Amino acid sequence: MTDPRKPSVLFVCVHNAGRSQMAAAFLTHLAQGRVEVRSAGSAPADAVNPAVVEAMAEAGIDISAQTPKVLTTEAVQASDYVITMGCGDACPVFPGKTYLDWVLEDPAGKGVASVRHIRDQIKTRVEALIADINTEQDG
């Protein structure tokens with residue numbers, strides 16, 4: 001159930017095994033309960049990318065228990081912000097939502113050293129997103 005006073009964000013990528021998982025984890029961690037966070041994939045993988053889990057652990061965030069989830073129309077409808085990361089046209093569009101497309105390298109098949117750079121880009125974008133959400137709520 002969504003809290004009508006709390007903004008909600010849905011992160012979407014194809015497999016929900018890397019970028020969207022990192023973004024959701026950072027937003028959950030940095031927003032400290034002020035934002036409802038979801039992530040999903042248009043074609044979810046069986047598990048979160050182990051290099052992504054390791055890179056996030058290095059940043060002090062444990063996502064080892066997360067599992068990829070399938071993108072649903074309901075998840076999009078329930079979100080104020082929908083942030084796509086390479087899922088193309090698979091994401092349904094509804095009026096009144098804020099849609100952002102973050103162009104980020106896919107961590108699939110890459111080692112932890114490569115994933116660290118993607119992780120850091122995502123953290124920077126999530127910090128900017130939190131500032132935008134705070135500005136919108138204050139305004």
# chains A, B, ... in the order shown; residues from 1 in each chain; ligands from 1
>>> select_by_dssp(residues="range 18-136 of chain A", states="strand (DSSP E or B)", output="list in words")
Glu36, Val37, Arg38, Ser39, Ala40, Gly41, Val70, Tyr81, Val82, Ile83, Thr84, Thr98, Tyr99, Leu100 and Asp101 of chain A
>>> write_last_selection(atoms="all heavy atoms", output="JSON list (two decimals), in the first residue's frame")
[["chain", "number", "residue", "atom", "x", "y", "z"],
["A", 36, "GLU", "N", 9.13, 6.11, -1.05],
["A", 36, "GLU", "CA", 8.80, 4.70, -1.30],
["A", 36, "GLU", "C", 9.57, 4.28, -2.55],
["A", 36, "GLU", "O", 9.52, 4.96, -3.58],
["A", 36, "GLU", "CB", 7.30, 4.56, -1.52],
["A", 36, "GLU", "CG", 6.87, 3.13, -1.59],
["A", 36, "GLU", "CD", 5.36, 3.01, -1.61],
["A", 36, "GLU", "OE1", 4.67, 3.88, -1.06],
["A", 36, "GLU", "OE2", 4.89, 2.03, -2.18],
["A", 37, "VAL", "N", 10.28, 3.16, -2.46],
["A", 37, "VAL", "CA", 11.18, 2.75, -3.53],
["A", 37, "VAL", "C", 10.79, 1.38, -4.08],
["A", 37, "VAL", "O", 10.52, 0.45, -3.31],
["A", 37, "VAL", "CB", 12.64, 2.67, -3.01],
["A", 37, "VAL", "CG1", 13.60, 2.32, -4.13],
["A", 37, "VAL", "CG2", 13.04, 3.99, -2.35],
["A", 38, "ARG", "N", 10.76, 1.29, -5.43],
["A", 38, "ARG", "CA", 10.50, 0.02, -6.10],
["A", 38, "ARG", "C", 11.52, -0.15, -7.21],
["A", 38, "ARG", "O", 12.05, 0.84, -7.73],
["A", 38, "ARG", "CB", 9.12, 0.01, -6.77],
["A", 38, "ARG", "CG", 7.95, 0.23, -5.90],
["A", 38, "ARG", "CD", 6.66, 0.27, -6.75],
["A", 38, "ARG", "NE", 5.51, 0.54, -5.93],
["A", 38, "ARG", "CZ", 5.10, 1.75, -5.57],
["A", 38, "ARG", "NH1", 5.75, 2.82, -5.97],
["A", 38, "ARG", "NH2", 4.04, 1.90, -4.80],
["A", 39, "SER", "N", 11.75, -1.39, -7.61],
["A", 39, "SER", "CA", 12.53, -1.65, -8.81],
["A", 39, "SER", "C", 11.93, -2.85, -9.50],
["A", 39, "SER", "O", 11.30, -3.70, -8.88],
["A", 39, "SER", "CB", 14.01, -1.88, -8.49],
["A", 39, "SER", "OG", 14.20, -3.13, -7.86],
["A", 40, "ALA", "N", 12.11, -2.91, -10.83],
["A", 40, "ALA", "CA", 11.55, -4.00, -11.61],
["A", 40, "ALA", "C", 12.28, -4.09, -12.95],
["A", 40, "ALA", "O", 13.03, -3.19, -13.33],
["A", 40, "ALA", "CB", 10.05, -3.77, -11.84],
["A", 41, "GLY", "N", 12.03, -5.19, -13.64],
["A", 41, "GLY", "CA", 12.64, -5.39, -14.95],
["A", 41, "GLY", "C", 11.63, -5.87, -15.96],
["A", 41, "GLY", "O", 10.67, -6.56, -15.62],
["A", 70, "VAL", "N", 9.41, -8.62, -11.74],
["A", 70, "VAL", "CA", 8.85, -8.30, -13.06],
["A", 70, "VAL", "C", 8.15, -6.95, -13.02],
["A", 70, "VAL", "O", 7.50, -6.59, -12.03],
["A", 70, "VAL", "CB", 7.89, -9.42, -13.54],
["A", 70, "VAL", "CG1", 6.62, -9.46, -12.71],
["A", 70, "VAL", "CG2", 7.57, -9.25, -15.01],
["A", 81, "TYR", "N", 7.52, 8.82, -9.78],
["A", 81, "TYR", "CA", 8.68, 8.92, -10.67],
["A", 81, "TYR", "C", 8.96, 7.54, -11.23],
["A", 81, "TYR", "O", 9.01, 6.56, -10.48],
["A", 81, "TYR", "CB", 9.93, 9.38, -9.91],
["A", 81, "TYR", "CG", 9.84, 10.78, -9.35],
["A", 81, "TYR", "CD1", 9.19, 11.01, -8.14],
["A", 81, "TYR", "CD2", 10.42, 11.85, -10.01],
["A", 81, "TYR", "CE1", 9.11, 12.29, -7.62],
["A", 81, "TYR", "CE2", 10.33, 13.14, -9.48],
["A", 81, "TYR", "CZ", 9.68, 13.35, -8.29],
["A", 81, "TYR", "OH", 9.61, 14.61, -7.76],
["A", 82, "VAL", "N", 9.16, 7.47, -12.53],
["A", 82, "VAL", "CA", 9.54, 6.22, -13.19],
["A", 82, "VAL", "C", 10.86, 6.48, -13.90],
["A", 82, "VAL", "O", 10.93, 7.32, -14.81],
["A", 82, "VAL", "CB", 8.46, 5.74, -14.19],
["A", 82, "VAL", "CG1", 8.90, 4.45, -14.86],
["A", 82, "VAL", "CG2", 7.12, 5.57, -13.48],
["A", 83, "ILE", "N", 11.90, 5.80, -13.46],
["A", 83, "ILE", "CA", 13.23, 6.02, -14.01],
["A", 83, "ILE", "C", 13.67, 4.76, -14.74],
["A", 83, "ILE", "O", 13.82, 3.70, -14.14],
["A", 83, "ILE", "CB", 14.22, 6.40, -12.90],
["A", 83, "ILE", "CG1", 13.72, 7.68, -12.24],
["A", 83, "ILE", "CG2", 15.62, 6.57, -13.47],
["A", 83, "ILE", "CD1", 14.46, 8.09, -11.01],
["A", 84, "THR", "N", 13.83, 4.91, -16.05],
["A", 84, "THR", "CA", 14.22, 3.78, -16.88],
["A", 84, "THR", "C", 15.73, 3.82, -17.13],
["A", 84, "THR", "O", 16.33, 4.89, -17.18],
["A", 84, "THR", "CB", 13.46, 3.77, -18.22],
["A", 84, "THR", "OG1", 13.70, 5.01, -18.90],
["A", 84, "THR", "CG2", 11.97, 3.60, -18.00],
["A", 98, "THR", "N", 6.35, 11.46, -13.55],
["A", 98, "THR", "CA", 7.60, 12.03, -14.03],
["A", 98, "THR", "C", 8.45, 10.87, -14.55],
["A", 98, "THR", "O", 8.76, 9.94, -13.80],
["A", 98, "THR", "CB", 8.35, 12.76, -12.89],
["A", 98, "THR", "OG1", 7.51, 13.82, -12.42],
["A", 98, "THR", "CG2", 9.67, 13.32, -13.38],
["A", 99, "TYR", "N", 8.77, 10.92, -15.84],
["A", 99, "TYR", "CA", 9.58, 9.87, -16.47],
["A", 99, "TYR", "C", 10.97, 10.42, -16.75],
["A", 99, "TYR", "O", 11.12, 11.49, -17.33],
["A", 99, "TYR", "CB", 8.95, 9.40, -17.78],
["A", 99, "TYR", "CG", 7.69, 8.60, -17.58],
["A", 99, "TYR", "CD1", 6.46, 9.24, -17.48],
["A", 99, "TYR", "CD2", 7.73, 7.22, -17.46],
["A", 99, "TYR", "CE1", 5.29, 8.51, -17.26],
["A", 99, "TYR", "CE2", 6.57, 6.49, -17.25],
["A", 99, "TYR", "CZ", 5.36, 7.14, -17.15],
["A", 99, "TYR", "OH", 4.21, 6.42, -16.94],
["A", 100, "LEU", "N", 11.98, 9.67, -16.32],
["A", 100, "LEU", "CA", 13.38, 10.02, -16.59],
["A", 100, "LEU", "C", 14.05, 8.80, -17.18],
["A", 100, "LEU", "O", 13.77, 7.67, -16.77],
["A", 100, "LEU", "CB", 14.10, 10.42, -15.29],
["A", 100, "LEU", "CG", 13.49, 11.58, -14.50],
["A", 100, "LEU", "CD1", 14.16, 11.70, -13.14],
["A", 100, "LEU", "CD2", 13.64, 12.87, -15.28],
["A", 101, "ASP", "N", 14.94, 9.02, -18.13],
["A", 101, "ASP", "CA", 15.72, 7.91, -18.68],
["A", 101, "ASP", "C", 17.18, 8.17, -18.37],
["A", 101, "ASP", "O", 17.75, 9.17, -18.81],
["A", 101, "ASP", "CB", 15.50, 7.79, -20.20],
["A", 101, "ASP", "CG", 16.22, 6.57, -20.77],
["A", 101, "ASP", "OD1", 16.18, 5.50, -20.13],
["A", 101, "ASP", "OD2", 16.84, 6.70, -21.84]]
>>> residues_around(residues="Leu129 in chain A", least_positions_apart="4", cutoff="12 Å", atoms="only C-alpha atoms", output="ChimeraX atom specification")
/A:7-9,11,23-24,26-27,30-31,35,81-83,98-100,102,122-125,133-136
>>> write_last_selection(atoms="C-alpha atoms", output="CSV table (one decimal), in the first residue's frame")
chain,number,residue,atom,x,y,z
A,7,PRO,CA,6.7,10.3,-3.0
A,8,SER,CA,7.3,7.0,-4.8
A,9,VAL,CA,10.0,6.0,-7.3
A,11,PHE,CA,13.6,2.1,-11.2
A,23,ALA,CA,19.5,2.8,-7.7
A,24,ALA,CA,16.8,1.4,-5.5
A,26,PHE,CA,20.9,3.9,-2.8
A,27,LEU,CA,17.6,5.7,-2.7
A,30,LEU,CA,19.9,7.8,1.3
A,31,ALA,CA,16.3,8.9,1.6
A,35,VAL,CA,10.6,7.9,-0.3
A,81,TYR,CA,8.7,8.9,-10.7
A,82,VAL,CA,9.5,6.2,-13.2
A,83,ILE,CA,13.2,6.0,-14.0
A,98,THR,CA,7.6,12.0,-14.0
A,99,TYR,CA,9.6,9.9,-16.5
A,100,LEU,CA,13.4,10.0,-16.6
A,102,TRP,CA,19.2,7.4,-17.2
A,122,ILE,CA,24.1,5.9,-10.0
A,123,LYS,CA,24.8,7.2,-6.5
A,124,THR,CA,25.4,10.7,-8.0
A,125,ARG,CA,22.1,10.6,-9.9
A,133,ILE,CA,12.1,15.4,-4.9
A,134,ASN,CA,12.7,17.6,-1.9
A,135,THR,CA,12.5,20.7,-4.0
A,136,GLU,CA,9.2,19.6,-5.5
>>> residues_around(residues="range 48-63 of chain A", least_positions_apart="5", cutoff="6 Å", atoms="only C-alpha atoms", output="count of residues only")
5
>>> select_by_dssp(residues="chain A", states="helix (DSSP H, G or I)", output="PyMOL selection string")
chain A and resi 19-31+50-58+73-77+88-90+112-138
>>> closest_residue(among="A:Val115, A:Ala108, A:Ala43, A:Ala25", to="Cys13 in chain A", atoms="only C-alpha atoms")
A:Ala43
>>> atom_distance(atom1="CA of Lys110 in chain A", atom2="CA of Ala75 in chain A")
28.8 Å
>>> atom_distance(atom1="CA of Ala47 in chain A", atom2="CA of Pro107 in chain A")
13.5 Å
>>> atom_distance(atom1="CA of Leu104 in chain A", atom2="CA of Arg119 in chain A")
9.7 Å
>>> closest_residue(among="A:Val76, A:His15, A:Gly33, A:Ser20", to="Asp46 in chain A", atoms="only C-alpha atoms")
A:His15
